[in-house]
file my_file_10.cif (mmCIF, C-alpha atoms and all ligand atoms)
data_input
loop_
_atom_site.group_PDB
_atom_site.id
_atom_site.type_symbol
_atom_site.label_atom_id
_atom_site.label_comp_id
_atom_site.auth_asym_id
_atom_site.auth_seq_id
_atom_site.Cartn_x
_atom_site.Cartn_y
_atom_site.Cartn_z
ATOM 1 C CA MET A 1111 0.000 0.000 0.000
ATOM 2 C CA LYS A 1112 1.429 3.418 -0.975
ATOM 3 C CA PRO A 1113 1.403 6.179 1.663
ATOM 4 C CA SER A 1114 -1.229 8.826 1.009
ATOM 5 C CA GLY A 1115 -0.808 10.959 4.116
ATOM 6 C CA GLU A 1116 -4.026 9.712 5.705
ATOM 7 C CA ASP A 1117 -4.181 5.951 5.606
ATOM 8 C CA GLN A 1118 -0.805 5.174 7.054
ATOM 9 C CA ALA A 1119 -1.090 5.652 10.789
ATOM 10 C CA ALA A 1120 -3.261 5.502 13.869
ATOM 11 C CA PRO A 1121 -6.658 7.283 13.737
ATOM 12 C CA ALA A 1122 -6.480 11.084 13.699
ATOM 13 C CA GLY A 1123 -6.805 13.176 16.858
ATOM 14 C CA GLY A 1124 -4.848 13.672 20.044
ATOM 15 C CA PRO A 1125 -2.140 16.109 21.049
ATOM 16 C CA TRP A 1126 0.229 17.499 18.434
ATOM 17 C CA GLU A 1127 -1.968 16.153 15.608
ATOM 18 C CA ASP A 1128 -1.261 19.171 13.378
ATOM 19 C CA CYS A 1129 2.488 18.751 13.943
ATOM 20 C CA PHE A 1130 2.308 15.043 13.144
ATOM 21 C CA GLU A 1131 0.347 15.691 9.941
ATOM 22 C CA ALA A 1132 2.842 18.391 8.919
ATOM 23 C CA ALA A 1133 5.726 15.956 9.491
ATOM 24 C CA VAL A 1134 4.069 13.280 7.348
ATOM 25 C CA GLN A 1135 3.391 15.674 4.475
ATOM 26 C CA LEU A 1136 6.916 17.115 4.596
ATOM 27 C CA ALA A 1137 8.551 13.675 4.748
ATOM 28 C CA LEU A 1138 6.592 12.624 1.650
ATOM 29 C CA ARG A 1139 7.542 15.839 -0.203
ATOM 30 C CA ALA A 1140 11.186 15.537 0.808
ATOM 31 C CA GLY A 1141 11.147 11.896 -0.257
ATOM 32 C CA GLN A 1142 10.036 12.859 -3.763
ATOM 33 C CA ILE A 1143 12.935 15.307 -4.070
ATOM 34 C CA ILE A 1144 15.448 12.735 -2.809
ATOM 35 C CA ARG A 1145 14.079 9.960 -5.044
ATOM 36 C CA LYS A 1146 14.457 12.165 -8.127
ATOM 37 C CA ALA A 1147 17.935 13.378 -7.130
ATOM 38 C CA LEU A 1148 19.215 9.851 -6.385
ATOM 39 C CA SER A 1149 20.009 9.091 -10.025
ATOM 40 C CA GLU A 1150 21.272 12.598 -10.906
ATOM 41 C CA GLU A 1151 24.770 14.073 -10.672
ATOM 42 C CA LYS A 1152 25.549 15.420 -7.209
ATOM 43 C CA ARG A 1153 27.865 17.970 -5.694
ATOM 44 C CA VAL A 1154 29.452 16.084 -2.793
ATOM 45 C CA SER A 1155 31.426 17.634 0.081
ATOM 46 C CA THR A 1156 32.924 16.110 3.199
ATOM 47 C CA LYS A 1157 32.318 17.132 6.815
ATOM 48 C CA THR A 1158 34.127 15.549 9.782
ATOM 49 C CA SER A 1159 35.918 12.840 7.762
ATOM 50 C CA ALA A 1160 36.394 11.599 4.209
ATOM 51 C CA ALA A 1161 33.452 9.235 4.781
ATOM 52 C CA ASP A 1162 31.145 11.912 6.249
ATOM 53 C CA LEU A 1163 29.384 13.179 3.123
ATOM 54 C CA VAL A 1164 26.898 15.912 2.361
ATOM 55 C CA THR A 1165 25.245 16.998 -0.897
ATOM 56 C CA GLU A 1166 23.233 19.969 -2.069
ATOM 57 C CA THR A 1167 20.109 17.791 -1.668
ATOM 58 C CA ASP A 1168 20.775 17.348 2.080
ATOM 59 C CA HIS A 1169 20.859 21.162 2.392
ATOM 60 C CA LEU A 1170 17.856 21.688 0.121
ATOM 61 C CA VAL A 1171 15.678 19.182 1.980
ATOM 62 C CA GLU A 1172 16.688 20.397 5.448
ATOM 63 C CA GLY A 1173 15.986 24.002 4.369
ATOM 64 C CA LEU A 1174 12.560 23.009 3.032
ATOM 65 C CA ILE A 1175 11.551 21.083 6.160
ATOM 66 C CA ILE A 1176 12.734 23.732 8.610
ATOM 67 C CA SER A 1177 11.364 26.743 6.731
ATOM 68 C CA GLU A 1178 7.901 25.181 6.364
ATOM 69 C CA LEU A 1179 7.762 24.094 9.988
ATOM 70 C CA GLN A 1180 9.058 27.442 11.231
ATOM 71 C CA GLU A 1181 6.350 29.231 9.322
ATOM 72 C CA ARG A 1182 3.605 27.021 10.769
ATOM 73 C CA PHE A 1183 5.019 26.689 14.294
ATOM 74 C CA PRO A 1184 7.087 29.844 14.922
ATOM 75 C CA SER A 1185 7.721 29.167 18.621
ATOM 76 C CA HIS A 1186 9.169 25.686 18.058
ATOM 77 C CA ARG A 1187 12.871 24.833 18.176
ATOM 78 C CA PHE A 1188 14.969 22.739 15.790
ATOM 79 C CA ILE A 1189 17.888 20.347 15.902
ATOM 80 C CA ALA A 1190 18.949 19.259 12.428
ATOM 81 C CA GLU A 1191 21.969 17.471 10.984
ATOM 82 C CA GLU A 1192 23.238 20.037 8.491
ATOM 83 C CA SER A 1193 22.493 23.012 10.772
ATOM 84 C CA ALA A 1194 24.523 21.237 13.471
ATOM 85 C CA ALA A 1195 27.338 20.638 10.972
ATOM 86 C CA ALA A 1196 27.283 24.390 10.289
ATOM 87 C CA GLY A 1197 27.757 25.081 14.001
ATOM 88 C CA ALA A 1198 24.204 25.303 15.425
ATOM 89 C CA LYS A 1199 24.001 24.055 19.015
ATOM 90 C CA CYS A 1200 22.064 20.840 19.701
ATOM 91 C CA VAL A 1201 20.233 21.567 22.917
ATOM 92 C CA LEU A 1202 17.100 19.678 23.807
ATOM 93 C CA THR A 1203 15.049 22.047 25.991
ATOM 94 C CA PRO A 1204 11.467 21.492 27.261
ATOM 95 C CA SER A 1205 10.164 23.560 24.290
ATOM 96 C CA PRO A 1206 8.548 21.675 21.412
ATOM 97 C CA THR A 1207 11.570 20.605 19.353
ATOM 98 C CA TRP A 1208 11.861 19.089 15.883
ATOM 99 C CA ILE A 1209 14.809 16.733 15.351
ATOM 100 C CA VAL A 1210 15.521 16.338 11.655
ATOM 101 C CA ASP A 1211 17.810 14.269 9.441
ATOM 102 C CA PRO A 1212 17.079 15.410 5.871
ATOM 103 C CA ILE A 1213 18.798 12.410 4.238
ATOM 104 C CA ASP A 1214 19.751 9.492 6.409
ATOM 105 C CA GLY A 1215 22.090 7.356 4.358
ATOM 106 C CA THR A 1216 23.834 10.215 2.545
ATOM 107 C CA CYS A 1217 26.740 7.929 1.584
ATOM 108 C CA ASN A 1218 24.218 5.491 0.051
ATOM 109 C CA PHE A 1219 22.553 8.441 -1.700
ATOM 110 C CA VAL A 1220 25.887 9.569 -3.186
ATOM 111 C CA HIS A 1221 26.476 6.071 -4.563
ATOM 112 C CA ARG A 1222 22.866 5.654 -5.767
ATOM 113 C CA PHE A 1223 22.481 2.764 -3.309
ATOM 114 C CA PRO A 1224 18.731 2.981 -2.757
ATOM 115 C CA THR A 1225 18.561 2.756 1.048
ATOM 116 C CA VAL A 1226 17.868 6.371 2.011
ATOM 117 C CA ALA A 1227 15.354 8.000 4.308
ATOM 118 C CA VAL A 1228 14.043 11.267 5.713
ATOM 119 C CA SER A 1229 13.709 11.282 9.488
ATOM 120 C CA ILE A 1230 11.621 13.745 11.510
ATOM 121 C CA GLY A 1231 11.269 13.385 15.275
ATOM 122 C CA PHE A 1232 9.368 15.665 17.656
ATOM 123 C CA ALA A 1233 9.901 16.110 21.391
ATOM 124 C CA VAL A 1234 8.060 18.123 24.042
ATOM 125 C CA ASP A 1235 9.317 18.492 27.621
ATOM 126 C CA GLN A 1236 12.351 16.483 26.469
ATOM 127 C CA GLU A 1237 10.097 13.519 25.785
ATOM 128 C CA LEU A 1238 9.724 12.102 22.271
ATOM 129 C CA GLU A 1239 6.120 12.500 21.067
ATOM 130 C CA PHE A 1240 6.283 11.131 17.535
ATOM 131 C CA GLY A 1241 8.607 10.009 14.786
ATOM 132 C CA VAL A 1242 8.155 9.919 11.023
ATOM 133 C CA ILE A 1243 10.645 8.123 8.760
ATOM 134 C CA TYR A 1244 10.162 7.837 5.017
ATOM 135 C CA HIS A 1245 12.075 5.219 2.976
ATOM 136 C CA CYS A 1246 12.362 7.334 -0.154
ATOM 137 C CA THR A 1247 12.880 4.650 -2.791
ATOM 138 C CA GLU A 1248 10.574 1.951 -1.432
ATOM 139 C CA GLU A 1249 7.945 4.571 -0.540
ATOM 140 C CA ARG A 1250 7.493 3.181 2.925
ATOM 141 C CA LEU A 1251 6.257 5.607 5.568
ATOM 142 C CA TYR A 1252 7.061 4.569 9.136
ATOM 143 C CA THR A 1253 5.307 6.440 11.932
ATOM 144 C CA GLY A 1254 5.150 6.132 15.693
ATOM 145 C CA ARG A 1255 3.216 8.279 18.163
ATOM 146 C CA ARG A 1256 3.644 8.028 21.891
ATOM 147 C CA GLY A 1257 0.903 5.755 23.256
ATOM 148 C CA ARG A 1258 -0.684 5.248 19.823
ATOM 149 C CA GLY A 1259 1.339 2.518 18.125
ATOM 150 C CA ALA A 1260 3.758 2.315 15.226
ATOM 151 C CA PHE A 1261 2.838 1.746 11.595
ATOM 152 C CA CYS A 1262 4.334 1.279 8.155
ATOM 153 C CA ASN A 1263 1.991 2.278 5.319
ATOM 154 C CA GLY A 1264 -1.027 1.452 7.442
ATOM 155 C CA GLN A 1265 0.226 -1.829 8.880
ATOM 156 C CA ARG A 1266 0.909 -2.023 12.579
ATOM 157 C CA LEU A 1267 4.532 -2.775 13.482
ATOM 158 C CA GLN A 1268 5.563 -5.363 16.049
ATOM 159 C CA VAL A 1269 9.116 -6.147 17.128
ATOM 160 C CA SER A 1270 10.475 -9.688 17.345
ATOM 161 C CA GLY A 1271 10.231 -11.523 20.669
ATOM 162 C CA GLU A 1272 13.676 -13.130 20.355
ATOM 163 C CA THR A 1273 15.733 -13.354 23.562
ATOM 164 C CA ASP A 1274 18.615 -15.575 22.441
ATOM 165 C CA ILE A 1275 21.656 -13.995 20.720
ATOM 166 C CA SER A 1276 22.443 -17.288 19.021
ATOM 167 C CA LYS A 1277 19.152 -16.922 17.134
ATOM 168 C CA ALA A 1278 19.459 -13.197 16.458
ATOM 169 C CA LEU A 1279 19.937 -11.077 13.364
ATOM 170 C CA VAL A 1280 21.780 -7.982 14.595
ATOM 171 C CA LEU A 1281 22.131 -4.635 12.804
ATOM 172 C CA THR A 1282 24.758 -1.958 13.311
ATOM 173 C CA GLU A 1283 26.379 0.966 11.500
ATOM 174 C CA ILE A 1284 29.962 2.100 11.504
ATOM 175 C CA GLY A 1285 29.397 5.878 11.471
ATOM 176 C CA PRO A 1286 31.738 8.293 9.679
ATOM 177 C CA ARG A 1287 34.893 7.962 11.820
ATOM 178 C CA ARG A 1288 37.801 5.956 10.461
ATOM 179 C CA ASP A 1289 40.446 6.480 13.164
ATOM 180 C CA PRO A 1290 42.183 3.290 14.395
ATOM 181 C CA ALA A 1291 40.393 3.215 17.791
ATOM 182 C CA THR A 1292 36.952 3.487 16.156
ATOM 183 C CA LEU A 1293 37.713 0.827 13.557
ATOM 184 C CA LYS A 1294 39.121 -1.509 16.195
ATOM 185 C CA LEU A 1295 36.038 -1.101 18.359
ATOM 186 C CA PHE A 1296 33.688 -1.615 15.414
ATOM 187 C CA LEU A 1297 35.410 -4.801 14.269
ATOM 188 C CA SER A 1298 35.899 -6.200 17.754
ATOM 189 C CA ASN A 1299 32.207 -5.687 18.614
ATOM 190 C CA MET A 1300 31.166 -7.399 15.420
ATOM 191 C CA GLU A 1301 33.529 -10.263 16.267
ATOM 192 C CA ARG A 1302 32.109 -10.531 19.800
ATOM 193 C CA LEU A 1303 28.571 -10.917 18.458
ATOM 194 C CA LEU A 1304 29.659 -13.447 15.860
ATOM 195 C CA HIS A 1305 31.480 -15.386 18.613
ATOM 196 C CA ALA A 1306 28.198 -15.290 20.541
ATOM 197 C CA LYS A 1307 26.832 -17.087 17.437
ATOM 198 C CA ALA A 1308 24.469 -14.376 16.200
ATOM 199 C CA HIS A 1309 22.923 -15.505 12.898
ATOM 200 C CA GLY A 1310 24.366 -12.406 11.248
ATOM 201 C CA VAL A 1311 25.498 -8.810 11.723
ATOM 202 C CA ARG A 1312 24.295 -6.446 8.965
ATOM 203 C CA VAL A 1313 25.352 -2.921 7.937
ATOM 204 C CA ILE A 1314 22.938 -1.258 5.468
ATOM 205 C CA GLY A 1315 24.199 2.348 5.497
ATOM 206 C CA SER A 1316 21.131 3.997 7.021
ATOM 207 C CA SER A 1317 20.735 3.803 10.759
ATOM 208 C CA THR A 1318 17.137 5.038 10.713
ATOM 209 C CA LEU A 1319 16.085 2.367 8.223
ATOM 210 C CA ALA A 1320 17.985 -0.303 10.146
ATOM 211 C CA LEU A 1321 16.040 0.791 13.231
ATOM 212 C CA CYS A 1322 12.791 0.596 11.222
ATOM 213 C CA HIS A 1323 13.681 -2.999 10.286
ATOM 214 C CA LEU A 1324 14.065 -3.677 13.990
ATOM 215 C CA ALA A 1325 10.652 -2.098 14.668
ATOM 216 C CA SER A 1326 9.172 -4.319 11.939
ATOM 217 C CA GLY A 1327 10.514 -7.502 13.539
ATOM 218 C CA ALA A 1328 12.857 -8.115 10.571
ATOM 219 C CA ALA A 1329 15.884 -7.948 12.884
ATOM 220 C CA ASP A 1330 16.292 -8.617 16.593
ATOM 221 C CA ALA A 1331 18.774 -6.003 17.783
ATOM 222 C CA TYR A 1332 20.702 -2.862 16.834
ATOM 223 C CA TYR A 1333 23.671 -1.127 18.388
ATOM 224 C CA GLN A 1334 25.889 1.775 17.471
ATOM 225 C CA PHE A 1335 28.427 4.172 18.895
ATOM 226 C CA GLY A 1336 28.465 7.617 17.285
ATOM 227 C CA LEU A 1337 24.768 7.747 16.403
ATOM 228 C CA HIS A 1338 23.469 11.315 16.543
ATOM 229 C CA CYS A 1339 20.154 12.451 17.964
ATOM 230 C CA TRP A 1340 18.796 13.203 14.466
ATOM 231 C CA ASP A 1341 19.498 9.561 13.468
ATOM 232 C CA LEU A 1342 17.769 8.222 16.534
ATOM 233 C CA ALA A 1343 14.888 10.462 17.645
ATOM 234 C CA ALA A 1344 12.130 9.417 15.229
ATOM 235 C CA ALA A 1345 13.185 5.751 15.237
ATOM 236 C CA THR A 1346 13.114 5.599 19.046
ATOM 237 C CA VAL A 1347 9.382 6.386 19.159
ATOM 238 C CA ILE A 1348 8.673 3.929 16.351
ATOM 239 C CA ILE A 1349 10.570 1.091 18.085
ATOM 240 C CA ARG A 1350 9.029 1.772 21.499
ATOM 241 C CA GLU A 1351 5.546 1.895 20.006
ATOM 242 C CA ALA A 1352 6.252 -1.394 18.199
ATOM 243 C CA GLY A 1353 6.949 -2.912 21.639
ATOM 244 C CA GLY A 1354 10.748 -2.664 21.587
ATOM 245 C CA ILE A 1355 13.447 -1.337 23.883
ATOM 246 C CA VAL A 1356 15.871 1.519 23.196
ATOM 247 C CA MET A 1357 18.596 1.998 25.804
ATOM 248 C CA ASP A 1358 22.133 3.189 26.412
ATOM 249 C CA THR A 1359 25.007 0.834 25.570
ATOM 250 C CA SER A 1360 25.687 0.631 29.332
ATOM 251 C CA GLY A 1361 22.280 -1.014 29.808
ATOM 252 C CA GLY A 1362 20.927 2.160 31.456
ATOM 253 C CA PRO A 1363 18.214 4.502 30.175
ATOM 254 C CA LEU A 1364 18.605 6.064 26.731
ATOM 255 C CA ASP A 1365 20.155 9.510 26.602
ATOM 256 C CA LEU A 1366 19.306 10.871 23.150
ATOM 257 C CA MET A 1367 22.331 13.164 23.163
ATOM 258 C CA SER A 1368 24.910 10.539 24.218
ATOM 259 C CA CYS A 1369 25.582 9.115 20.709
ATOM 260 C CA ARG A 1370 25.291 5.540 22.085
ATOM 261 C CA VAL A 1371 22.454 3.131 21.588
ATOM 262 C CA VAL A 1372 21.317 -0.445 21.917
ATOM 263 C CA ALA A 1373 17.845 -1.321 20.673
ATOM 264 C CA ALA A 1374 16.104 -4.680 20.609
ATOM 265 C CA GLY A 1375 12.747 -6.364 20.460
ATOM 266 C CA THR A 1376 13.081 -7.544 24.044
ATOM 267 C CA ARG A 1377 14.796 -6.196 27.169
ATOM 268 C CA GLU A 1378 16.608 -9.531 27.560
ATOM 269 C CA MET A 1379 18.127 -9.215 24.084
ATOM 270 C CA ALA A 1380 19.061 -5.540 24.616
ATOM 271 C CA MET A 1381 20.840 -6.405 27.893
ATOM 272 C CA LEU A 1382 22.714 -9.318 26.291
ATOM 273 C CA ILE A 1383 23.906 -7.062 23.455
ATOM 274 C CA ALA A 1384 24.895 -4.287 25.888
ATOM 275 C CA GLN A 1385 26.871 -6.795 27.991
ATOM 276 C CA ALA A 1386 28.641 -8.172 24.925
ATOM 277 C CA LEU A 1387 29.818 -4.767 23.688
ATOM 278 C CA GLN A 1388 33.090 -3.050 24.313
ATOM 279 C CA THR A 1389 32.417 0.690 24.677
ATOM 280 C CA ILE A 1390 34.123 3.923 23.754
ATOM 281 C CA ASN A 1391 33.391 7.537 24.628
ATOM 282 C CA TYR A 1392 32.172 9.316 21.497
ATOM 283 C CA GLY A 1393 31.357 12.740 22.893
ATOM 284 C CA ARG A 1394 27.841 14.121 23.159
ATOM 285 C CA ASP A 1395 25.700 15.990 20.641
ATOM 286 C CA ASP A 1396 24.935 18.718 23.176
ATOM 287 C CA GLU A 1397 28.616 19.372 23.924
ATOM 288 C CA LYS A 1398 29.631 20.293 20.379
HETATM 289 C C1 LIG B 1 24.522 8.282 8.968
HETATM 290 C C2 LIG B 1 23.968 6.947 8.535
HETATM 291 C C3 LIG B 1 25.004 5.881 8.759
HETATM 292 C C4 LIG B 1 25.455 5.830 10.221
HETATM 293 C C5 LIG B 1 25.924 7.188 10.697
HETATM 294 C C6 LIG B 1 24.841 8.228 10.444
HETATM 295 P P1 LIG B 1 23.715 10.375 7.555
HETATM 296 O O1 LIG B 1 23.607 9.303 8.774
HETATM 297 O O2 LIG B 1 22.809 6.624 9.221
HETATM 298 O O3 LIG B 1 24.484 4.637 8.423
HETATM 299 O O4 LIG B 1 26.532 4.948 10.314
HETATM 300 O O5 LIG B 1 26.223 7.129 12.063
HETATM 301 O O6 LIG B 1 25.289 9.484 10.896
HETATM 302 O O7 LIG B 1 25.018 11.093 7.738
HETATM 303 O O8 LIG B 1 23.674 9.588 6.301
HETATM 304 O O9 LIG B 1 22.531 11.238 7.795
#

call {"tool": "encode", "arguments": {"input": "my_file_10.cif", "output": "structure tokens"}}
result
Amino acid sequence: MKPSGEDQAAPAGGPWEDCFEAAVQLALRAGQIIRKALSEEKRVSTKTSAADLVTETDHLVEGLIISELQERFPSHRFIAEESAAAGAKCVLTPSPTWIVDPIDGTCNFVHRFPTVAVSIGFAVDQELEFGVIYHCTEERLYTGRRGRGAFCNGQRLQVSGETDISKALVLTEIGPRRDPATLKLFLSNMERLLHAKAHGVRVIGSSTLALCHLASGAADAYYQFGLHCWDLAAATVIIREAGGIVMDTSGGPLDLMSCRVVAAGTREMAMLIAQALQTINYGRDDEK
């Protein structure tokens, strides 16, 4: 079923309905722009490393989303990937705050690898209210609203109930850093999970879409160091509303700004993954 903007989520009504509807419409519009641009020539620049890419489409889409939302909701605040890269502070205050990744999977986008998404999260009183993620090429709209369930194109999402690592499909992402300590940690964590006999460890190049696979029950766990709040905000609501767990890699509560996450269909699985991981301090989004 294709997303139409109306048939893809829980029944209308409830708090922040107009914000949710605006997010859905903007994600669909942004997705059209990204889908068209995927096969075209791109101007590519680097940010924090040679693997941290940005294109004119990232800027265009972020500008579109923020300008439209600012016009409709002038008192709201914004945290967005390319604004942060340009030096904007990432501070999550109690004010209604939009947390935006205009293209998640920019490296995929640059290579025309069709796993790319738009991610729009929304928090009030520092609590995530809803998340909207649009898989631009497969035209899948994932939504989650606090207390109202998670959906993909109208179908309710449900995480897997797996509790045994030796039966798990685990997802992760490397992030943009390529320094020796980061690479060592990435490879050693993958090795630890393979030693624990996980069925597989997958890297698809879009953390938000990997997290949507987890919410759909198509994978059992996810972990990453270096994941920013704009990669995680929308997906966190979707996973929680699909019955899953999102926590810190220490096994403690999630801190959206800490750049560390373990997510799983069950608390048992999340704790097993957290215990298996070697950790590293990545710095926080709100300290940059
Ligand atoms: C990145 C992707 C990538 C993950 C990085 C993210 P971007 O987002 O999700 O898979 O490894 O940590 O920052 O830069 O494509 O929006």

call {"tool": "residues_near_ligand", "arguments": {"input": "my_file_10.cif", "ligand": "ligand LIG 1 (chain B)", "cutoff": "7 Å", "atoms": "all atoms listed in the file", "output": "list of chain:residue names"}}
result
A:Asp1162, A:Leu1163, A:Asp1211, A:Ile1213, A:Asp1214, A:Gly1215, A:Thr1216, A:Cys1217, A:Glu1283, A:Ile1284, A:Gly1285, A:Pro1286, A:Ile1314, A:Gly1315, A:Ser1316, A:Ser1317, A:Thr1318, A:Gly1336, A:Leu1337, A:His1338, A:Asp1341

call {"tool": "write_last_selection", "arguments": {"input": "my_file_10.cif", "atoms": "C-alpha atoms", "output": "CSV table (one decimal), in the frame of the given file"}}
result
chain,number,residue,atom,x,y,z
A,1162,ASP,CA,31.1,11.9,6.2
A,1163,LEU,CA,29.4,13.2,3.1
A,1211,ASP,CA,17.8,14.3,9.4
A,1213,ILE,CA,18.8,12.4,4.2
A,1214,ASP,CA,19.8,9.5,6.4
A,1215,GLY,CA,22.1,7.4,4.4
A,1216,THR,CA,23.8,10.2,2.5
A,1217,CYS,CA,26.7,7.9,1.6
A,1283,GLU,CA,26.4,1.0,11.5
A,1284,ILE,CA,30.0,2.1,11.5
A,1285,GLY,CA,29.4,5.9,11.5
A,1286,PRO,CA,31.7,8.3,9.7
A,1314,ILE,CA,22.9,-1.3,5.5
A,1315,GLY,CA,24.2,2.3,5.5
A,1316,SER,CA,21.1,4.0,7.0
A,1317,SER,CA,20.7,3.8,10.8
A,1318,THR,CA,17.1,5.0,10.7
A,1336,GLY,CA,28.5,7.6,17.3
A,1337,LEU,CA,24.8,7.7,16.4
A,1338,HIS,CA,23.5,11.3,16.5
A,1341,ASP,CA,19.5,9.6,13.5

call {"tool": "residues_around", "arguments": {"input": "my_file_10.cif", "residues": "A:Ala1132", "least_positions_apart": "5", "cutoff": "9 Å", "atoms": "all atoms listed in the file", "output": "ChimeraX atom specification"}}
result
/A:1127,1137,1178-1179,1182

call {"tool": "resolve_selection", "arguments": {"input": "my_file_10.cif", "expression": "the PyMOL selection byres (((chain A and resi 1326-1330) around 9) and not hetatm)", "output": "ChimeraX atom specification"}}
result
/A:1261-1262,1266-1273,1275,1277-1281,1320-1325,1331-1332,1349,1352,1373-1376,1379

call {"tool": "write_last_selection", "arguments": {"input": "my_file_10.cif", "atoms": "C-alpha atoms", "output": "compact mmCIF listing (two decimals), in the coordinates of the input"}}
result
# COMPACT_ATOMS: atom_id res chain seq x y z
CA PHE A 1261 2.84 1.75 11.60
CA CYS A 1262 4.33 1.28 8.15
CA ARG A 1266 0.91 -2.02 12.58
CA LEU A 1267 4.53 -2.78 13.48
CA GLN A 1268 5.56 -5.36 16.05
CA VAL A 1269 9.12 -6.15 17.13
CA SER A 1270 10.48 -9.69 17.34
CA GLY A 1271 10.23 -11.52 20.67
CA GLU A 1272 13.68 -13.13 20.36
CA THR A 1273 15.73 -13.35 23.56
CA ILE A 1275 21.66 -14.00 20.72
CA LYS A 1277 19.15 -16.92 17.13
CA ALA A 1278 19.46 -13.20 16.46
CA LEU A 1279 19.94 -11.08 13.36
CA VAL A 1280 21.78 -7.98 14.60
CA LEU A 1281 22.13 -4.64 12.80
CA ALA A 1320 17.98 -0.30 10.15
CA LEU A 1321 16.04 0.79 13.23
CA CYS A 1322 12.79 0.60 11.22
CA HIS A 1323 13.68 -3.00 10.29
CA LEU A 1324 14.06 -3.68 13.99
CA ALA A 1325 10.65 -2.10 14.67
CA ALA A 1331 18.77 -6.00 17.78
CA TYR A 1332 20.70 -2.86 16.83
CA ILE A 1349 10.57 1.09 18.08
CA ALA A 1352 6.25 -1.39 18.20
CA ALA A 1373 17.84 -1.32 20.67
CA ALA A 1374 16.10 -4.68 20.61
CA GLY A 1375 12.75 -6.36 20.46
CA THR A 1376 13.08 -7.54 24.04
CA MET A 1379 18.13 -9.22 24.08

call {"tool": "closest_atom_pairs", "arguments": {"input": "my_file_10.cif", "of": "stretch 1255-1352 of chain A", "to": "stretch 1229-1237 of chain A", "cutoff": "9 Å", "atoms": "all atoms listed in the file", "output": "CSV"}}
result
residue,atom,partner,partner_atom,distance
A:Thr1318,CA,A:Ser1229,CA,7.2
A:Trp1340,CA,A:Ser1229,CA,7.4
A:Asp1341,CA,A:Ser1229,CA,7.2
A:Leu1342,CA,A:Gly1231,CA,8.4
A:Ala1343,CA,A:Gly1231,CA,5.2
A:Ala1344,CA,A:Gly1231,CA,4.1
A:Ala1345,CA,A:Gly1231,CA,7.9
A:Thr1346,CA,A:Gly1231,CA,8.8
A:Val1347,CA,A:Gly1231,CA,8.2

call {"tool": "closest_residue", "arguments": {"input": "my_file_10.cif", "among": "A:Thr1253, A:Gln1334, A:Ser1149, A:Gln1180", "to": "A:Val1220", "atoms": "all atoms listed in the file"}}
result
A:Ser1149

call {"tool": "resolve_selection", "arguments": {"input": "my_file_10.cif", "expression": "the PyMOL selection byres (((chain A and resi 1138) around 9) and not hetatm)", "output": "compact mmCIF listing (two decimals) with C-alpha atoms, keeping the file's coordinate frame"}}
result
# COMPACT_ATOMS: atom_id res chain seq x y z
CA PRO A 1113 1.40 6.18 1.66
CA SER A 1114 -1.23 8.83 1.01
CA GLY A 1115 -0.81 10.96 4.12
CA ALA A 1133 5.73 15.96 9.49
CA VAL A 1134 4.07 13.28 7.35
CA GLN A 1135 3.39 15.67 4.47
CA LEU A 1136 6.92 17.11 4.60
CA ALA A 1137 8.55 13.68 4.75
CA ARG A 1139 7.54 15.84 -0.20
CA ALA A 1140 11.19 15.54 0.81
CA GLY A 1141 11.15 11.90 -0.26
CA GLN A 1142 10.04 12.86 -3.76
CA ILE A 1143 12.94 15.31 -4.07
CA VAL A 1228 14.04 11.27 5.71
CA TYR A 1244 10.16 7.84 5.02
CA CYS A 1246 12.36 7.33 -0.15
CA GLU A 1249 7.94 4.57 -0.54
CA LEU A 1251 6.26 5.61 5.57

call {"tool": "resolve_selection", "arguments": {"input": "my_file_10.cif", "expression": "the PyMOL selection byres (((chain A and resi 1254) around 6) and not hetatm)", "output": "list in words"}}
result
Phe1240, Gly1241, Thr1253, Arg1255, Gly1259, Ala1260, Val1347 and Ile1348 of chain A

call {"tool": "atom_distance", "arguments": {"input": "my_file_10.cif", "atom1": "atom CA of A:Ile1390", "atom2": "atom CA of A:Glu1239"}}
result
29.4 Å

call {"tool": "residues_around", "arguments": {"input": "my_file_10.cif", "residues": "A:Ala1190", "least_positions_apart": "4", "cutoff": "9 Å", "atoms": "all atoms listed in the file", "output": "PyMOL selection string"}}
result
chain A and resi 1172+1176+1194-1195+1198+1200+1208-1212+1339-1340

call {"tool": "write_last_selection", "arguments": {"input": "my_file_10.cif", "atoms": "C-alpha atoms", "output": "CSV table (one decimal), keeping the file's coordinate frame"}}
result
chain,number,residue,atom,x,y,z
A,1172,GLU,CA,16.7,20.4,5.4
A,1176,ILE,CA,12.7,23.7,8.6
A,1194,ALA,CA,24.5,21.2,13.5
A,1195,ALA,CA,27.3,20.6,11.0
A,1198,ALA,CA,24.2,25.3,15.4
A,1200,CYS,CA,22.1,20.8,19.7
A,1208,TRP,CA,11.9,19.1,15.9
A,1209,ILE,CA,14.8,16.7,15.4
A,1210,VAL,CA,15.5,16.3,11.7
A,1211,ASP,CA,17.8,14.3,9.4
A,1212,PRO,CA,17.1,15.4,5.9
A,1339,CYS,CA,20.2,12.5,18.0
A,1340,TRP,CA,18.8,13.2,14.5

call {"tool": "residues_near_point", "arguments": {"input": "my_file_10.cif", "point": "(37.2, 8.3, 5.1)", "cutoff": "10 Å", "atoms": "all atoms listed in the file", "output": "list of chain:residue names"}}
result
A:Thr1156, A:Thr1158, A:Ser1159, A:Ala1160, A:Ala1161, A:Asp1162, A:Leu1163, A:Pro1286, A:Arg1287, A:Arg1288, A:Asp1289

call {"tool": "atom_distance", "arguments": {"input": "my_file_10.cif", "atom1": "atom CA of A:Ile1355", "atom2": "atom CA of A:Glu1397"}}
result
25.7 Å

call {"tool": "atom_distance", "arguments": {"input": "my_file_10.cif", "atom1": "atom CA of A:Ala1227", "atom2": "atom CA of A:Thr1282"}}
result
16.4 Å
